[in-house]
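**Student:** This is the content of query-v6.txt (compact mmCIF, C-alpha atoms):
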# COMPACT_ATOMS: atom_id res chain seq x y z
CA MET A 1356 21.70 25.92 34.44
CA PRO A 1357 20.64 22.51 33.05
CA ARG A 1358 21.45 21.89 29.40
CA SER A 1359 21.24 18.94 27.03
CA LEU A 1360 24.48 17.06 26.43
CA THR A 1361 25.40 15.32 23.21
CA VAL A 1362 25.59 11.57 23.75
CA ARG A 1363 27.44 9.18 21.47
CA VAL A 1364 27.03 5.41 21.97
CA VAL A 1365 30.52 3.96 21.53
CA GLN A 1366 29.64 0.45 22.69
CA ASP A 1367 26.27 -1.32 22.47
CA PRO A 1368 26.41 -4.76 24.14
CA SER A 1369 22.77 -5.42 23.23
CA ASP A 1370 23.65 -5.02 19.52
CA GLY A 1371 20.49 -3.01 18.94
CA PHE A 1372 18.04 -5.58 20.32
CA ARG A 1373 16.76 -3.10 22.91
CA HIS A 1374 15.32 -1.19 19.93
CA LEU A 1375 13.03 -3.97 18.71
CA PRO A 1376 10.16 -2.30 16.80
CA HIS A 1377 7.43 -3.90 18.92
CA LEU A 1378 8.73 -2.07 21.98
CA HIS A 1379 7.88 1.38 20.69
CA VAL A 1380 4.82 1.07 18.42
CA GLN A 1381 1.17 0.74 19.27
CA ALA A 1382 -0.35 -2.70 18.71
CA PRO A 1383 -3.12 -2.78 16.08
CA ASP A 1384 -6.76 -2.93 17.10
CA LEU A 1385 -7.27 -6.00 14.95
CA ARG A 1386 -4.80 -8.54 13.61
CA VAL A 1387 -6.13 -11.00 11.04
CA SER A 1388 -3.88 -13.81 9.82
CA PHE A 1389 -4.37 -16.11 6.84
CA ASP A 1390 -1.74 -18.84 6.93
CA VAL A 1391 -1.27 -21.15 3.95
CA LEU A 1392 -0.71 -24.67 5.31
CA GLY A 1393 0.31 -27.93 3.69
CA GLY A 1394 -2.10 -29.33 1.15
CA GLY A 1395 -3.22 -25.87 0.06
CA ARG A 1396 -5.29 -25.24 3.19
CA ILE A 1397 -5.86 -21.77 4.63
CA ARG A 1398 -6.09 -21.20 8.37
CA ALA A 1399 -7.67 -17.92 9.49
CA ARG A 1400 -6.78 -16.45 12.89
CA MET A 1401 -7.85 -13.23 14.56
CA THR A 1402 -6.83 -11.34 17.72
CA GLY A 1403 -6.94 -7.83 19.13
CA PRO A 1404 -9.09 -5.60 21.31
CA ALA A 1405 -11.58 -5.04 18.46
CA VAL A 1406 -12.89 -8.61 18.87
CA PRO A 1407 -14.05 -10.36 22.06
CA ALA A 1408 -11.38 -12.42 23.81
CA LEU A 1409 -12.14 -16.14 23.92
CA ARG A 1410 -11.36 -18.30 26.94
CA GLY A 1411 -8.46 -20.61 26.24
CA THR A 1412 -7.94 -19.92 22.54
CA GLU A 1413 -8.06 -17.39 19.71
CA HIS A 1414 -10.56 -16.86 16.93
CA ARG A 1415 -9.56 -19.50 14.40
CA ALA A 1416 -11.02 -21.41 11.47
CA ASP A 1417 -9.73 -23.69 8.73
CA LEU A 1418 -11.28 -22.39 5.53
CA SER A 1419 -12.62 -24.31 2.55
CA ALA A 1420 -11.14 -21.82 0.04
CA ARG A 1421 -7.83 -22.65 -1.63
CA PRO A 1422 -4.96 -20.21 -2.25
CA ASP A 1423 -5.05 -20.38 -6.07
CA GLU A 1424 -8.78 -19.75 -6.04
CA VAL A 1425 -8.40 -16.73 -3.74
CA HIS A 1426 -5.50 -15.30 -5.75
CA GLY A 1427 -7.51 -15.73 -8.94
CA ALA A 1428 -10.47 -13.88 -7.47
CA ALA A 1429 -8.18 -11.08 -6.26
CA ALA A 1430 -6.62 -10.74 -9.71
CA ARG A 1431 -10.10 -10.62 -11.21
CA LEU A 1432 -11.09 -7.81 -8.82
CA CYS A 1433 -8.01 -5.77 -9.78
CA THR A 1434 -8.77 -6.30 -13.46
CA ARG A 1435 -12.35 -5.30 -12.80
CA TRP A 1436 -11.21 -1.95 -11.38
CA LYS A 1437 -9.11 -1.35 -14.49
CA GLU A 1438 -11.80 -2.35 -16.98
CA ARG A 1439 -14.89 -0.99 -15.24
CA PHE A 1440 -13.50 2.18 -13.65
CA VAL A 1441 -10.14 3.28 -15.08
CA ASP A 1442 -11.11 2.42 -18.67
CA PHE A 1443 -14.75 3.49 -18.34
CA GLN A 1444 -15.87 5.00 -21.65
CA PRO A 1445 -19.26 6.76 -22.01
CA VAL A 1446 -21.10 6.16 -25.28
CA ASP A 1447 -24.00 7.75 -27.14
CA ASP A 1448 -27.36 6.18 -27.93
CA GLN A 1449 -25.80 4.24 -30.78
CA GLY A 1450 -22.96 2.87 -28.71
CA ARG A 1451 -20.29 5.20 -30.08
CA ALA A 1452 -17.64 6.60 -27.75
CA LEU A 1453 -18.21 10.23 -26.81
CA ARG A 1454 -15.25 12.17 -28.20
CA ASN A 1455 -15.49 14.90 -25.59
CA ARG A 1456 -15.35 12.34 -22.76
CA GLN A 1457 -12.46 9.98 -23.46
CA ARG A 1458 -11.90 7.73 -20.40
CA PRO A 1459 -13.05 10.51 -18.04
CA PHE A 1460 -12.29 8.59 -14.81
CA ALA A 1461 -8.64 8.11 -15.85
CA THR A 1462 -7.78 11.57 -17.12
CA ALA A 1463 -8.45 13.59 -13.95
CA ALA A 1464 -8.41 13.08 -10.19
CA ASP A 1465 -11.38 15.40 -9.62
CA LEU A 1466 -14.57 13.65 -10.76
CA THR A 1467 -17.08 16.08 -9.24
CA ALA A 1468 -18.20 17.21 -12.70
CA GLU A 1469 -18.95 13.64 -13.85
CA PRO A 1470 -22.56 12.38 -13.81
CA GLU A 1471 -23.36 10.97 -10.38
CA HIS A 1472 -25.37 8.05 -11.76
CA GLU A 1473 -22.43 6.83 -13.85
CA LEU A 1474 -20.09 6.90 -10.87
CA ARG A 1475 -22.65 5.25 -8.62
CA THR A 1476 -23.27 2.41 -11.07
CA VAL A 1477 -19.57 1.60 -11.50
CA VAL A 1478 -18.65 1.98 -7.82
CA ALA A 1479 -21.57 -0.27 -6.83
CA ASP A 1480 -20.13 -2.94 -9.13
CA LEU A 1481 -16.68 -2.60 -7.52
CA ALA A 1482 -18.13 -2.72 -4.00
CA ARG A 1483 -20.09 -5.86 -4.84
CA GLY A 1484 -16.89 -7.49 -6.12
CA GLY A 1485 -14.92 -6.42 -3.03
CA ALA A 1486 -17.50 -7.90 -0.65
CA SER A 1487 -17.75 -11.11 -2.69
CA LEU A 1488 -13.99 -11.70 -2.61
CA LEU A 1489 -13.92 -11.37 1.17
CA PHE A 1490 -17.08 -13.20 2.19
CA ASP A 1491 -18.12 -15.42 -0.75
CA THR A 1492 -14.64 -16.62 -1.75
CA LEU A 1493 -12.13 -16.29 1.10
CA LEU A 1494 -14.50 -16.77 4.08
CA ARG A 1495 -17.23 -18.91 2.56
CA GLY A 1496 -18.42 -22.02 4.38
CA ASP A 1497 -21.21 -23.26 6.61
CA ASP A 1498 -19.21 -25.07 9.30
CA VAL A 1499 -19.54 -23.66 12.81
CA GLN A 1500 -15.98 -22.35 13.08
CA THR A 1501 -16.10 -20.48 9.76
CA VAL A 1502 -19.53 -19.01 10.49
CA MET A 1503 -18.38 -17.73 13.88
CA PHE A 1504 -15.10 -16.38 12.52
CA ARG A 1505 -16.90 -14.60 9.68
CA SER A 1506 -19.44 -13.12 12.07
CA TYR A 1507 -16.82 -11.77 14.51
CA LEU A 1508 -14.72 -10.34 11.65
CA LEU A 1509 -17.70 -8.65 10.01
CA SER A 1510 -18.67 -7.13 13.36
CA ALA A 1511 -15.17 -5.64 13.75
CA LEU A 1512 -14.89 -4.44 10.15
CA SER A 1513 -18.27 -2.72 10.46
CA LEU A 1514 -16.74 -0.33 13.00
CA GLN A 1515 -14.86 2.82 11.99
CA GLY A 1516 -11.28 3.97 12.46
CA LEU A 1517 -9.55 0.75 13.49
CA ARG A 1518 -5.87 0.07 12.90
CA ILE A 1519 -5.90 -3.30 11.14
CA ARG A 1520 -2.99 -5.57 10.29
CA PHE A 1521 -3.59 -8.34 7.76
CA ASP A 1522 -0.68 -10.61 8.59
CA SER A 1523 -1.10 -12.99 5.72
CA ASP A 1524 0.58 -15.40 3.34
CA LEU A 1525 -2.12 -14.28 0.88
CA HIS A 1526 -1.31 -10.88 -0.61
CA LEU A 1527 -4.77 -9.45 -1.35
CA PRO A 1528 -5.97 -5.89 -2.14
CA TRP A 1529 -7.29 -5.41 1.40
CA PRO A 1530 -8.37 -1.72 1.16
CA MET A 1531 -10.44 -2.58 -1.93
CA LEU A 1532 -12.46 -5.21 -0.06
CA CYS A 1533 -15.86 -4.26 1.34
CA VAL A 1534 -18.34 -4.96 4.07
CA ALA A 1535 -21.67 -6.28 2.85
CA ALA A 1536 -24.51 -3.96 1.90
CA ALA A 1537 -27.21 -3.45 4.49
CA PRO A 1538 -30.15 -5.78 3.71
CA GLY A 1539 -33.13 -4.05 2.16
CA ALA A 1540 -31.29 -0.74 1.82
CA GLY A 1541 -32.29 -0.24 -1.81
CA GLU A 1542 -30.13 1.82 -4.15
CA ALA A 1543 -27.24 3.26 -2.15
CA SER A 1544 -25.84 6.76 -2.52
CA LEU A 1545 -22.28 7.22 -3.69
CA ASP A 1546 -21.18 8.19 -0.16
CA THR A 1547 -22.78 5.03 1.23
CA LEU A 1548 -20.95 2.93 -1.35
CA PHE A 1549 -17.62 4.59 -0.54
CA ALA A 1550 -18.17 3.88 3.16
CA ARG A 1551 -18.33 0.13 2.48
CA PHE A 1552 -14.67 -0.08 1.41
CA LEU A 1553 -12.23 -1.17 4.08
CA GLY A 1554 -9.81 1.51 2.89
CA HIS A 1555 -12.45 4.13 3.75
CA ARG A 1556 -13.25 2.67 7.15
CA HIS A 1557 -9.85 1.77 8.59
CA GLN A 1558 -6.08 2.17 8.58
CA ILE A 1559 -4.76 -1.02 6.96
CA GLU A 1560 -1.39 -2.63 6.44
CA HIS A 1561 -0.39 -6.00 5.00
CA THR A 1562 2.47 -7.87 6.68
CA GLY A 1563 3.83 -11.36 6.43
CA ASP A 1564 7.30 -11.62 7.97
CA ALA A 1565 8.31 -11.84 11.62
CA TYR A 1566 11.07 -9.39 12.63
CA ALA A 1567 11.25 -7.75 9.22
CA TRP A 1568 14.30 -5.88 10.54
CA ILE A 1569 16.05 -5.83 13.88
CA GLY A 1570 18.31 -3.00 14.92
CA ALA A 1571 18.42 0.62 15.91
CA PRO A 1572 15.44 2.85 15.07
CA PRO A 1573 15.56 4.91 11.87
CA THR A 1574 17.87 7.90 12.13
CA THR A 1575 16.55 11.42 12.56
CA GLN A 1576 17.85 14.47 10.72
CA SER A 1577 17.29 18.19 10.95
CA GLN A 1578 16.71 18.02 7.18
CA PRO A 1579 14.89 14.92 5.90
CA VAL A 1580 16.96 12.78 3.52
CA VAL A 1581 14.83 11.72 0.55
CA SER A 1582 15.17 10.59 -3.04
CA LEU A 1583 13.30 10.83 -6.34
CA ASN A 1584 13.86 7.80 -8.56
CA HIS A 1585 12.05 8.34 -11.82
CA ASP A 1586 11.65 7.92 -15.54
CA VAL A 1587 11.80 11.48 -16.84
CA ARG A 1588 9.40 10.60 -19.67
CA VAL A 1589 6.54 9.54 -17.39
CA GLY A 1590 3.70 11.87 -16.48
CA ARG A 1591 4.71 15.00 -18.37
CA THR A 1592 1.09 16.22 -18.48
CA THR A 1593 0.50 15.55 -14.77
CA ARG A 1594 1.62 17.31 -11.58
CA ALA A 1595 4.79 15.23 -11.42
CA ASP A 1596 6.99 18.36 -11.41
CA GLU A 1597 5.15 19.63 -8.33
CA VAL A 1598 5.82 16.32 -6.57
CA ALA A 1599 9.52 16.72 -7.35
CA LYS A 1600 9.47 20.25 -5.91
CA ALA A 1601 7.67 19.08 -2.78
CA LEU A 1602 10.28 16.36 -2.28
CA ALA A 1603 13.14 18.86 -2.59
CA ASP A 1604 11.61 21.55 -0.35
CA GLY A 1605 13.69 21.74 2.82
CA THR A 1606 15.23 18.29 2.32
CA LEU A 1607 18.44 16.68 1.19
CA CYS A 1608 17.11 15.17 -2.03
CA THR A 1609 18.91 12.76 -4.35
CA VAL A 1610 17.56 12.42 -7.90
CA ARG A 1611 18.19 9.19 -9.81
CA THR A 1612 17.07 8.56 -13.38
CA THR A 1613 19.05 5.48 -14.44
CA TYR A 1614 19.60 1.91 -13.33
CA GLU A 1615 23.31 2.55 -12.79
CA GLU A 1616 22.60 5.41 -10.37
CA LEU A 1617 20.11 3.25 -8.51
CA ILE A 1618 22.38 0.23 -8.06
CA ARG A 1619 25.35 2.48 -7.22
CA ASP A 1620 23.51 3.87 -4.20
CA PHE A 1621 21.70 0.67 -3.20
CA GLU A 1622 25.10 -1.00 -2.92
CA ARG A 1623 26.31 1.59 -0.39
CA PRO A 1624 26.36 0.23 3.18
CA ASP A 1625 25.65 3.74 4.52
CA LEU A 1626 22.57 4.40 2.36
CA ASP A 1627 20.27 6.27 4.75
CA GLU A 1628 17.08 7.84 3.42
CA GLN A 1629 13.83 8.49 5.23
CA LEU A 1630 11.60 8.57 2.14
CA MET A 1631 12.26 6.97 -1.25
CA TYR A 1632 9.87 7.93 -4.04
CA PHE A 1633 9.67 5.93 -7.28
CA TRP A 1634 7.79 7.47 -10.22
CA CYS A 1635 8.12 5.14 -13.17
CA HIS A 1636 6.57 2.31 -15.11
CA GLY A 1637 6.35 -1.20 -13.74
CA GLU A 1638 5.63 -4.52 -15.36
CA PHE A 1639 5.59 -8.17 -14.42
CA VAL A 1640 8.37 -10.14 -16.06
CA GLY A 1641 8.82 -13.88 -16.40
CA ASN A 1642 10.71 -15.73 -13.67
CA ALA A 1643 10.06 -19.36 -14.60
CA PRO A 1644 9.53 -21.73 -12.96
CA GLU A 1645 8.61 -19.24 -10.21
CA PRO A 1646 5.76 -16.69 -10.60
CA PRO A 1647 6.45 -13.50 -12.59
CA VAL A 1648 7.86 -10.66 -10.50
CA LEU A 1649 7.36 -6.91 -10.58
CA ALA A 1650 10.20 -4.98 -12.20
CA ILE A 1651 10.43 -1.20 -12.37
CA ARG A 1652 12.32 0.76 -15.01
CA LEU A 1653 13.81 4.24 -14.84
CA THR A 1654 14.68 6.34 -17.90
CA ASP A 1655 17.15 3.86 -19.38
CA GLY A 1656 14.61 1.02 -19.30
CA ILE A 1657 16.79 -1.54 -17.43
CA PRO A 1658 14.63 -3.63 -15.06
CA PHE A 1659 15.14 -3.34 -11.29
CA ASP A 1660 13.36 -5.97 -9.18
CA GLY A 1661 13.37 -7.67 -5.80
CA HIS A 1662 16.21 -9.97 -6.78
CA THR A 1663 18.34 -6.90 -7.50
CA VAL A 1664 17.53 -5.49 -4.05
CA ARG A 1665 18.64 -8.74 -2.44
CA GLU A 1666 21.87 -8.84 -4.47
CA LEU A 1667 22.79 -5.30 -3.43
CA ARG A 1668 21.60 -5.18 0.19
CA ALA A 1669 22.16 -8.73 1.50
CA GLY A 1670 25.48 -7.74 3.07
CA HIS A 1671 24.10 -4.57 4.69
CA ARG A 1672 21.19 -5.86 6.77
CA HIS A 1673 22.31 -3.97 9.89
CA GLY A 1674 22.94 -0.68 8.10
CA PRO A 1675 20.95 2.54 8.48
CA PHE A 1676 18.65 1.80 5.50
CA HIS A 1677 15.11 2.21 6.95
CA PRO A 1678 13.08 4.36 4.53
CA LEU A 1679 9.39 4.44 3.82
CA VAL A 1680 9.12 3.66 0.09
CA LEU A 1681 6.40 5.24 -2.06
CA LEU A 1682 6.41 2.95 -5.09
CA ASN A 1683 4.31 4.82 -7.64
CA ALA A 1684 5.04 2.36 -10.44
CA CYS A 1685 2.34 3.27 -12.94
CA TYR A 1686 0.46 0.48 -14.70
CA ALA A 1687 1.99 -2.21 -12.55
CA GLY A 1688 -1.30 -4.11 -12.19
CA VAL A 1689 -1.52 -7.59 -13.64
CA ALA A 1690 -4.34 -10.03 -14.31
CA GLY A 1691 -2.36 -13.27 -13.85
CA ALA A 1692 -3.32 -15.00 -10.62
CA SER A 1693 0.14 -16.54 -10.23
CA ALA A 1694 2.09 -13.27 -10.34
CA ASP A 1695 4.00 -12.41 -7.17
CA ARG A 1696 2.75 -8.88 -6.61
CA ALA A 1697 4.55 -8.44 -3.31
CA PHE A 1698 8.07 -9.67 -4.06
CA LEU A 1699 9.72 -6.27 -4.65
CA SER A 1700 8.02 -4.81 -1.56
CA ARG A 1701 8.95 -7.84 0.49
CA MET A 1702 12.62 -7.61 -0.49
CA LEU A 1703 12.75 -3.89 0.34
CA ILE A 1704 11.23 -4.56 3.76
CA GLU A 1705 13.39 -7.63 4.40
CA HIS A 1706 16.47 -5.50 3.82
CA GLY A 1707 15.44 -2.57 6.01
CA ALA A 1708 12.57 -0.52 4.60
CA GLN A 1709 9.90 0.39 7.15
CA GLY A 1710 7.15 -0.18 4.60
CA VAL A 1711 6.10 0.21 0.98
CA LEU A 1712 3.07 2.16 -0.22
CA GLY A 1713 1.94 1.60 -3.79
CA PRO A 1714 -0.98 1.05 -6.17
CA LEU A 1715 -2.75 -2.29 -6.15
CA ILE A 1716 -4.10 -1.89 -9.69
CA ALA A 1717 -2.97 -0.39 -13.00
CA MET A 1718 -3.15 3.20 -11.78
CA PRO A 1719 -3.70 6.11 -14.23
CA GLN A 1720 -0.89 8.65 -14.15
CA ALA A 1721 -3.17 11.65 -13.52
CA PHE A 1722 -4.40 10.22 -10.23
CA ALA A 1723 -1.03 8.76 -9.26
CA ALA A 1724 0.61 12.20 -9.45
CA GLU A 1725 -2.16 13.87 -7.41
CA TYR A 1726 -1.99 11.16 -4.77
CA ALA A 1727 1.80 11.38 -4.54
CA LEU A 1728 1.70 15.16 -4.17
CA GLU A 1729 -0.72 14.93 -1.26
CA PHE A 1730 1.11 12.06 0.43
CA VAL A 1731 4.62 13.49 0.08
CA THR A 1732 3.52 16.91 1.33
CA ARG A 1733 1.78 15.51 4.39
CA TYR A 1734 4.47 12.96 5.22
CA LEU A 1735 7.32 15.47 5.00
CA ARG A 1736 5.40 17.80 7.32
CA ALA A 1737 5.36 14.92 9.83
CA GLU A 1738 1.60 15.42 10.21
CA ALA A 1739 0.93 11.76 11.03
CA ASN A 1740 2.15 8.23 10.44
CA ALA A 1741 1.90 6.62 7.00
CA GLY A 1742 -1.19 4.57 7.90
CA ARG A 1743 -3.13 7.64 9.04
CA ILE A 1744 -2.12 9.64 5.96
CA ALA A 1745 -3.08 6.85 3.54
CA HIS A 1746 -6.44 6.47 5.30
CA ASP A 1747 -7.06 10.22 5.27
CA LEU A 1748 -6.19 10.43 1.57
CA ALA A 1749 -8.56 7.60 0.67
CA ARG A 1750 -11.38 9.52 2.35
CA HIS A 1751 -10.17 12.85 0.97
CA PHE A 1752 -10.33 11.79 -2.67
CA ALA A 1753 -13.64 9.97 -2.18
CA THR A 1754 -15.40 12.76 -0.30
CA ARG A 1755 -14.01 15.84 -2.03
CA TYR A 1756 -13.35 14.56 -5.55
CA ARG A 1757 -15.81 11.61 -5.76
CA ASN A 1758 -12.92 9.35 -6.74
CA PRO A 1759 -12.44 5.85 -5.20
CA LEU A 1760 -8.90 5.29 -6.53
CA GLY A 1761 -7.44 6.18 -3.12
CA PHE A 1762 -8.76 2.78 -1.95
CA ALA A 1763 -6.50 1.16 -4.56
CA TYR A 1764 -3.30 2.15 -2.72
CA GLY A 1765 -2.03 -0.34 -0.17
CA LEU A 1766 0.59 -0.35 2.58
CA HIS A 1767 2.92 -3.33 2.82
CA GLY A 1768 4.06 -2.81 6.39
CA GLY A 1769 4.76 0.75 7.48
CA MET A 1770 1.48 1.67 9.14
CA ASP A 1771 3.45 3.22 12.02
CA ALA A 1772 6.19 4.77 9.85
CA ARG A 1773 6.57 8.46 10.56
CA LEU A 1774 9.12 11.10 9.63
CA GLU A 1775 11.15 12.07 12.67
CA ARG A 1776 13.16 15.30 12.77
CA THR A 1777 15.71 16.56 15.24
CA ASP A 1778 15.48 20.06 16.66
CA GLY A 1779 18.33 21.19 14.43
CA GLY A 1780 21.12 20.04 16.75
CA GLU A 1781 23.23 16.93 16.49
CA ALA A 1782 21.15 13.72 16.59
Please express the file's structure as structure tokens.

**Tutor:**
Amino acid sequence: MPRSLTVRVVQDPSDGFRHLPHLHVQAPDLRVSFDVLGGGRIRARMTGPAVPALRGTEHRADLSARPDEVHGAAARLCTRWKERFVDFQPVDDQGRALRNRQRPFATAADLTAEPEHELRTVVADLARGGASLLFDTLLRGDDVQTVMFRSYLLSALSLQGLRIRFDSDLHLPWPMLCVAAAPGAGEASLDTLFARFLGHRHQIEHTGDAYAWIGAPPTTQSQPVVSLNHDVRVGRTTRADEVAKALADGTLCTVRTTYEELIRDFERPDLDEQLMYFWCHGEFVGNAPEPPVLAIRLTDGIPFDGHTVRELRAGHRHGPFHPLVLLNACYAGVAGASADRAFLSRMLIEHGAQGVLGPLIAMPQAFAAEYALEFVTRYLRAEANAGRIAHDLARHFATRYRNPLGFAYGLHGGMDARLERTDGGEA
């Protein structure tokens, strides 16, 4: 009677190159690249089945926008979300804050009880800013190449359900960008406004490096191996405890609360986790003469940043470290246009992580905990890949709870990351 035999690879002459990621993932429907060239120029390129193929070349245009200008506009949009939505404060007829409604959009994830006209007014402002960043700043211009590129891109983005990769030297809040409003549509409903956001319409990831990691695929386990890395003082009034329970349910879960525990394990060559969850504060710290970088802090308050990741993992590039990282670093948004928002994510990916999911703005803790609970639960059930889950959650919170903050979570790589389990036998 046929039966499965356990196979152990004792010699691998190809050194893992037969497992290159592009051999076993689906290509995106649309790949849009923004390359920063010498002299501060930006070259836009676009390929994929979602746009018509051109004879002899690709869709390409040299843009008139400059990187500092685009980064400044992106930082302004993120600040706008914080000031206009997260910090929204209703007032009475005399301009005094309503005591029974203190920052209502920040204190709960469910906004169905909030006045529809208030939500519609604020979300319309955010949608206008998201469309302006994409079309009036990044893709502005009247030359033939830019006009054609903008037209083809708008046509693709106006579709629904694409898998889009922004392979870009410019790290922008892609899910928060918007397609333009329909001309002459008048005042839009809240659902119509939500549908303009790219995070509502499509699965999106941001990438930037070729061959982020080369080697064997992530390992599979009968019990997922996960970790909770957190500041125990954060989010005591939220559902953070439920997230911790969801992480530990049916898994091998490591809990870390200090810098020493974190660096101890990051330094291990055999560190092998499928999901790493960070629930802590983040801030941008000075790194002169380079841009400030994001540092996260666990309970002891010692900063952990991308430089630390490189110090600890540089000698273990071919190890089994290939997790998806959920970096729920609360209030990690920053207004400075020169800040390197992506450095920590980039270092994690460069040293093995499949991708990093995290907030693109200063995210309120109440929503961050609800989002994490939904994401962790769905990911550990292996319901779908990370890109599909993030897209579904953006729509879920918008449709069911009238809350757009799901659009303010972005994937740095990892759109195809998915939890793989064995059948309980030896992998």

**Student:** Please identify all polymer residues within 10 Å of Ala1550 (chain A), counting all atoms listed in the file, omitting same-chain residues fewer than 6 positions from it, and present them as a tab-separated table (two decimals) with C-alpha atoms, in the frame of the given file.

**Tutor:**
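Wrote around.tsv, looks like this:
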chain	number	residue	atom	x	y	z
A	1482	ALA	CA	-18.13	-2.72	-4.00
A	1513	SER	CA	-18.27	-2.72	10.46
A	1515	GLN	CA	-14.86	2.82	11.99
A	1533	CYS	CA	-15.86	-4.26	1.34
A	1534	VAL	CA	-18.34	-4.96	4.07
A	1544	SER	CA	-25.84	6.76	-2.52
A	1556	ARG	CA	-13.25	2.67	7.15
A	1750	ARG	CA	-11.38	9.52	2.35
A	1753	ALA	CA	-13.64	9.97	-2.18
A	1754	THR	CA	-15.40	12.76	-0.30

**Student:** Report as a ChimeraX atom specification all protein, DNA and RNA residues lying within 8 Å of Arg1456 (chain A), evaluated on only C-alpha atoms, omitting residues in the same chain fewer than 4 positions from it.

**Tutor:** /A:1444-1445,1452

**Student:** Could you tell me which of A:Thr1476, A:Gln1558, A:Thr1663, A:Thr1593 comes closest to His1746 (chain A) if we count only C-alpha atoms?

**Tutor:** A:Gln1558

**Student:** My list of candidates is A:Met1631, A:Glu1469, A:Leu1728, A:Met1531. Which is closest to Lys1600 (chain A) when distances are computed with all atoms listed in the file?

**Tutor:**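 For Lys1600 (chain A), the nearest of the candidates is A:Leu1728.
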
**Student:** For Gly1484 (chain A), which of A:His1751, A:Arg1439, A:Arg1451, A:His1636 is the closest residue, counting all atoms listed in the file?

**Tutor:**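 Counting all atoms listed in the file, the residue closest to Gly1484 (chain A) is A:Arg1439.
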
**Student:** Quick one: pull the distance between CA of Met1503 (chain A) and CA of Glu1542 (chain A), Å, one decimal.

**Tutor:** 29.1 Å

**Student:** Could you rebuild region 1386-1397 of chain A with N, CA, C and O atoms and give me the result as an mmCIF file, in the frame of the given file?

**Tutor:**
data_model
loop_
_atom_site.group_PDB
_atom_site.id
_atom_site.type_symbol
_atom_site.label_atom_id
_atom_site.label_comp_id
_atom_site.auth_asym_id
_atom_site.auth_seq_id
_atom_site.Cartn_x
_atom_site.Cartn_y
_atom_site.Cartn_z
ATOM 1 N N ARG A 1386 -5.809 -7.828 14.390
ATOM 2 C CA ARG A 1386 -4.800 -8.540 13.610
ATOM 3 C C ARG A 1386 -5.456 -9.791 13.044
ATOM 4 O O ARG A 1386 -5.916 -10.650 13.795
ATOM 5 N N VAL A 1387 -5.499 -9.873 11.718
ATOM 6 C CA VAL A 1387 -6.130 -11.000 11.040
ATOM 7 C C VAL A 1387 -5.053 -11.723 10.244
ATOM 8 O O VAL A 1387 -4.363 -11.114 9.423
ATOM 9 N N SER A 1388 -4.910 -13.020 10.496
ATOM 10 C CA SER A 1388 -3.880 -13.810 9.820
ATOM 11 C C SER A 1388 -4.541 -14.860 8.933
ATOM 12 O O SER A 1388 -5.530 -15.491 9.326
ATOM 13 N N PHE A 1389 -3.969 -15.042 7.744
ATOM 14 C CA PHE A 1389 -4.370 -16.110 6.840
ATOM 15 C C PHE A 1389 -3.116 -16.882 6.482
ATOM 16 O O PHE A 1389 -2.304 -16.426 5.683
ATOM 17 N N ASP A 1390 -2.937 -18.028 7.107
ATOM 18 C CA ASP A 1390 -1.740 -18.840 6.930
ATOM 19 C C ASP A 1390 -2.025 -19.935 5.911
ATOM 20 O O ASP A 1390 -3.026 -20.661 6.022
ATOM 21 N N VAL A 1391 -1.146 -20.080 4.928
ATOM 22 C CA VAL A 1391 -1.270 -21.150 3.950
ATOM 23 C C VAL A 1391 -0.526 -22.372 4.488
ATOM 24 O O VAL A 1391 0.695 -22.329 4.698
ATOM 25 N N LEU A 1392 -1.254 -23.442 4.725
ATOM 26 C CA LEU A 1392 -0.710 -24.670 5.310
ATOM 27 C C LEU A 1392 -0.468 -25.705 4.228
ATOM 28 O O LEU A 1392 -0.784 -25.510 3.053
ATOM 29 N N GLY A 1393 0.087 -26.841 4.625
ATOM 30 C CA GLY A 1393 0.310 -27.930 3.690
ATOM 31 C C GLY A 1393 -0.996 -28.420 3.082
ATOM 32 O O GLY A 1393 -2.057 -28.386 3.721
ATOM 33 N N GLY A 1394 -0.907 -28.854 1.833
ATOM 34 C CA GLY A 1394 -2.100 -29.330 1.150
ATOM 35 C C GLY A 1394 -2.971 -28.213 0.608
ATOM 36 O O GLY A 1394 -4.113 -28.456 0.213
ATOM 37 N N GLY A 1395 -2.453 -26.980 0.610
ATOM 38 C CA GLY A 1395 -3.220 -25.870 0.060
ATOM 39 C C GLY A 1395 -4.359 -25.416 0.951
ATOM 40 O O GLY A 1395 -5.330 -24.814 0.484
ATOM 41 N N ARG A 1396 -4.241 -25.685 2.262
ATOM 42 C CA ARG A 1396 -5.290 -25.240 3.190
ATOM 43 C C ARG A 1396 -4.976 -23.836 3.688
ATOM 44 O O ARG A 1396 -3.823 -23.420 3.748
ATOM 45 N N ILE A 1397 -6.015 -23.105 4.075
ATOM 46 C CA ILE A 1397 -5.860 -21.770 4.630
ATOM 47 C C ILE A 1397 -6.435 -21.755 6.036
ATOM 48 O O ILE A 1397 -7.600 -22.135 6.249
#
